[in-house]
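Text of work36.txt (compact mmCIF, C-alpha atoms) as supplied:
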```txt
# COMPACT_ATOMS: atom_id res chain seq x y z
CA MET A 3 -40.47 -82.51 237.19
CA ASP A 4 -36.85 -81.72 236.52
CA THR A 5 -33.99 -84.19 236.18
CA GLY A 6 -32.77 -83.76 239.75
CA GLN A 7 -36.22 -84.43 241.15
CA ALA A 8 -36.69 -87.53 238.97
CA LEU A 9 -33.34 -88.91 240.10
CA ALA A 10 -34.14 -88.15 243.74
CA TYR A 11 -37.50 -89.95 243.63
CA THR A 12 -35.90 -92.90 241.87
CA THR A 13 -33.11 -93.09 244.44
CA ILE A 14 -35.56 -92.99 247.36
CA ALA A 15 -37.85 -95.63 245.84
CA MET A 16 -35.01 -97.97 245.00
CA GLU A 17 -33.51 -97.66 248.49
CA ARG A 18 -36.90 -98.50 250.01
CA LEU A 19 -37.15 -101.54 247.74
CA GLY A 20 -33.81 -102.79 249.00
CA TYR A 21 -31.53 -101.99 246.07
CA SER A 22 -27.83 -101.62 246.85
CA LYS A 23 -26.07 -98.28 246.43
CA GLU A 24 -24.24 -99.73 243.42
CA GLN A 25 -27.53 -100.78 241.78
CA ILE A 26 -29.05 -97.36 242.45
CA GLU A 27 -26.02 -95.65 240.94
CA ASN A 28 -26.21 -97.89 237.86
CA VAL A 29 -29.88 -97.08 237.34
CA THR A 30 -29.49 -93.34 237.87
CA ASN A 31 -26.51 -93.26 235.50
CA GLU A 32 -28.59 -95.07 232.88
CA MET A 33 -31.43 -92.60 233.44
CA LEU A 34 -29.04 -89.72 232.75
CA LYS A 35 -28.01 -91.36 229.47
CA GLU A 36 -31.64 -91.83 228.44
CA LEU A 37 -32.51 -88.24 229.36
CA ARG A 38 -29.89 -87.06 226.89
CA ILE A 39 -31.23 -89.32 224.11
CA PHE A 40 -35.02 -89.19 224.26
CA HIS A 41 -37.55 -86.38 224.37
CA ALA A 42 -39.95 -86.78 227.33
CA ASN A 43 -42.92 -87.81 225.16
CA THR A 44 -40.83 -90.42 223.38
CA ALA A 45 -39.62 -91.83 226.69
CA GLU A 46 -43.19 -92.04 227.99
CA ASN A 47 -44.26 -93.94 224.87
CA ILE A 48 -41.35 -96.36 225.19
CA ALA A 49 -42.09 -96.93 228.90
CA ASP A 50 -45.77 -97.58 228.16
CA LYS A 51 -44.78 -100.07 225.49
CA ILE A 52 -42.44 -101.86 227.92
CA LEU A 53 -45.09 -102.08 230.63
CA TYR A 54 -48.26 -102.74 228.67
CA GLU A 55 -47.40 -104.57 225.48
CA GLU A 56 -46.67 -108.24 225.57
```
Structure encoded using structure tokens:
Amino acid sequence: MDTGQALAYTTIAMERLGYSKEQIENVTNEMLKELRIFHANTAENIADKILYEE
């Protein structure tokens, strides 16, 4: 999945969950920052840690 696709899916999901346009923009902007910082495998590990470790 490329960056544009990831942002599109995120935007659609957030809109369906009732997020405002401002909130969606904030999240997608943050995603773009993270994409520049982390390699995909590193990001997956961090996300797993956030979701599954207490």
### segment 18-31 of chain A surroundings by all atoms listed in the file, 10 Å radius, close-in-sequence under 6 positions cut, as a ChimeraX atom specification
/A:8-10,12,37
### Task
Measure the distance from atom CA of Leu34 of chain A to atom CA of Gly6 of chain A in Å and round it to one decimal.
9.9 Å
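If you look at atom CA of Thr5 of chain A and atom CA of Ala49 of chain A, they are 16.8 Å away from each other.
Going from atom CA of Gln7 of chain A to atom CA of Arg38 of chain A covers 15.8 Å.
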